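K.L.:
Got a structure for you, written out below as structure tokens; questions coming shortly.
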Amino acid sequence: MAIMAAVLILFVRQRPQLLDRPVILGVAYGLITYAAMNLIVVPLRFDAPLPPSALSIATQLFAHIVLVGIPMALIAARTLKPAPSS
């Protein structure tokens with residue numbers, strides 16, 4: 001999880017305009033992390049993973065988008081966005 005957060009932070013530091021829409025950023029990042037996990041990490045960890053069911057895909061997408069991507073993006077937007085000048 002720390003690696004996912006670090007990658008997001010490094011990415012938004014290069015493109016701070018993405019912090020203007022943190023929910024959209026979070027959904028996109030959730031989809032990216034889902035793809036990375038299922039195309040890279042799981043095949044490296046397990047020899048031959050079983051084909052996932054529709055319920056499994058839906059559950060994992062929900063978890064990556066709603067429980068990982070959006071909260072990380074909201075926290076990044078809150079902590080990395082420059083304070084408004086007064």
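Ordering of the structure tokens sets the chain letters (A, B, ...); residue numbers start at 1 within each chain; ligands are numbered from 1 in the order shown.
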Would you mind listing what lies within 6 Å of Tyr34 of chain A as an MDAnalysis selection string, with only C-alpha atoms counted and same-chain residues fewer than 3 positions away left out?
P.N.:
chainID A and resid 31 37 64
K.L.:
What lies within 10 Å of segment 1-18 of chain A using only C-alpha atoms, ignoring chain neighbours under 4 positions off, as a list in words?
P.N.:
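Those residues are Pro22, Val23, Ile24, Leu25, Gly26, Tyr29, Gly30, Thr33, Val68, Gly69, Met72, Ala73, Ala76, Ala77, Leu80, Lys81 and Pro82 of chain A.
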K.L.:
Please write the residues from the selection above to a file, keeping N, CA, C and O atoms, as a PDB file, in the first residue's frame.
P.N.:
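Written file, part-v5.pdb:
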ATOM      1  N   PRO A  22      -9.812  15.695  -7.482  1.00  0.00           N
ATOM      2  CA  PRO A  22      -9.287  14.510  -6.799  1.00  0.00           C
ATOM      3  C   PRO A  22     -10.148  13.259  -6.963  1.00  0.00           C
ATOM      4  O   PRO A  22      -9.612  12.150  -6.977  1.00  0.00           O
ATOM      5  N   VAL A  23     -11.457  13.410  -7.093  1.00  0.00           N
ATOM      6  CA  VAL A  23     -12.304  12.213  -7.233  1.00  0.00           C
ATOM      7  C   VAL A  23     -12.046  11.537  -8.576  1.00  0.00           C
ATOM      8  O   VAL A  23     -11.899  10.317  -8.651  1.00  0.00           O
ATOM      9  N   ILE A  24     -11.941  12.335  -9.629  1.00  0.00           N
ATOM     10  CA  ILE A  24     -11.643  11.761 -10.949  1.00  0.00           C
ATOM     11  C   ILE A  24     -10.255  11.142 -10.935  1.00  0.00           C
ATOM     12  O   ILE A  24     -10.046  10.043 -11.464  1.00  0.00           O
ATOM     13  N   LEU A  25      -9.304  11.813 -10.315  1.00  0.00           N
ATOM     14  CA  LEU A  25      -7.963  11.261 -10.177  1.00  0.00           C
ATOM     15  C   LEU A  25      -8.006   9.949  -9.403  1.00  0.00           C
ATOM     16  O   LEU A  25      -7.352   8.976  -9.779  1.00  0.00           O
ATOM     17  N   GLY A  26      -8.792   9.903  -8.349  1.00  0.00           N
ATOM     18  CA  GLY A  26      -8.895   8.694  -7.532  1.00  0.00           C
ATOM     19  C   GLY A  26      -9.494   7.526  -8.290  1.00  0.00           C
ATOM     20  O   GLY A  26      -9.027   6.391  -8.165  1.00  0.00           O
ATOM     21  N   TYR A  29      -6.840   6.407 -10.739  1.00  0.00           N
ATOM     22  CA  TYR A  29      -5.751   5.722 -10.054  1.00  0.00           C
ATOM     23  C   TYR A  29      -6.197   4.365  -9.523  1.00  0.00           C
ATOM     24  O   TYR A  29      -5.418   3.407  -9.529  1.00  0.00           O
ATOM     25  N   GLY A  30      -7.437   4.261  -9.071  1.00  0.00           N
ATOM     26  CA  GLY A  30      -7.964   2.966  -8.646  1.00  0.00           C
ATOM     27  C   GLY A  30      -7.972   1.961  -9.792  1.00  0.00           C
ATOM     28  O   GLY A  30      -7.623   0.787  -9.612  1.00  0.00           O
ATOM     29  N   THR A  33      -4.330   0.920 -10.439  1.00  0.00           N
ATOM     30  CA  THR A  33      -3.812  -0.019  -9.445  1.00  0.00           C
ATOM     31  C   THR A  33      -4.450  -1.397  -9.607  1.00  0.00           C
ATOM     32  O   THR A  33      -3.789  -2.409  -9.420  1.00  0.00           O
ATOM     33  N   VAL A  68      -9.233   2.663  -2.093  1.00  0.00           N
ATOM     34  CA  VAL A  68      -7.819   2.998  -2.259  1.00  0.00           C
ATOM     35  C   VAL A  68      -7.650   4.294  -3.054  1.00  0.00           C
ATOM     36  O   VAL A  68      -7.093   5.270  -2.560  1.00  0.00           O
ATOM     37  N   GLY A  69      -8.113   4.305  -4.300  1.00  0.00           N
ATOM     38  CA  GLY A  69      -7.855   5.422  -5.202  1.00  0.00           C
ATOM     39  C   GLY A  69      -8.421   6.752  -4.732  1.00  0.00           C
ATOM     40  O   GLY A  69      -7.695   7.753  -4.643  1.00  0.00           O
ATOM     41  N   MET A  72      -6.856   8.103  -1.357  1.00  0.00           N
ATOM     42  CA  MET A  72      -5.477   8.559  -1.580  1.00  0.00           C
ATOM     43  C   MET A  72      -5.454   9.880  -2.334  1.00  0.00           C
ATOM     44  O   MET A  72      -4.671  10.776  -2.014  1.00  0.00           O
ATOM     45  N   ALA A  73      -6.293  10.015  -3.341  1.00  0.00           N
ATOM     46  CA  ALA A  73      -6.329  11.249  -4.124  1.00  0.00           C
ATOM     47  C   ALA A  73      -6.845  12.416  -3.283  1.00  0.00           C
ATOM     48  O   ALA A  73      -6.332  13.535  -3.395  1.00  0.00           O
ATOM     49  N   ALA A  76      -4.041  13.366  -0.950  1.00  0.00           N
ATOM     50  CA  ALA A  76      -2.984  14.038  -1.712  1.00  0.00           C
ATOM     51  C   ALA A  76      -3.399  15.463  -2.060  1.00  0.00           C
ATOM     52  O   ALA A  76      -2.595  16.398  -1.948  1.00  0.00           O
ATOM     53  N   ALA A  77      -4.649  15.642  -2.475  1.00  0.00           N
ATOM     54  CA  ALA A  77      -5.120  16.980  -2.821  1.00  0.00           C
ATOM     55  C   ALA A  77      -5.101  17.897  -1.606  1.00  0.00           C
ATOM     56  O   ALA A  77      -4.724  19.066  -1.698  1.00  0.00           O
ATOM     57  N   LEU A  80      -1.062  18.298  -0.615  1.00  0.00           N
ATOM     58  CA  LEU A  80      -0.098  18.785  -1.606  1.00  0.00           C
ATOM     59  C   LEU A  80      -0.518  20.044  -2.341  1.00  0.00           C
ATOM     60  O   LEU A  80       0.314  20.697  -2.955  1.00  0.00           O
ATOM     61  N   LYS A  81      -1.805  20.350  -2.308  1.00  0.00           N
ATOM     62  CA  LYS A  81      -2.274  21.540  -3.004  1.00  0.00           C
ATOM     63  C   LYS A  81      -1.759  22.782  -2.297  1.00  0.00           C
ATOM     64  O   LYS A  81      -1.835  22.882  -1.082  1.00  0.00           O
ATOM     65  N   PRO A  82      -1.217  23.751  -3.057  1.00  0.00           N
ATOM     66  CA  PRO A  82      -0.732  24.963  -2.400  1.00  0.00           C
ATOM     67  C   PRO A  82      -1.877  25.741  -1.751  1.00  0.00           C
ATOM     68  O   PRO A  82      -2.988  25.765  -2.262  1.00  0.00           O
TER      69      PRO A  82
END
K.L.:
So how many Å separate atom CA of Ser56 of chain A and atom CA of Leu74 of chain A, to one decimal?
P.N.:
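These atoms are spaced 25.9 Å apart.
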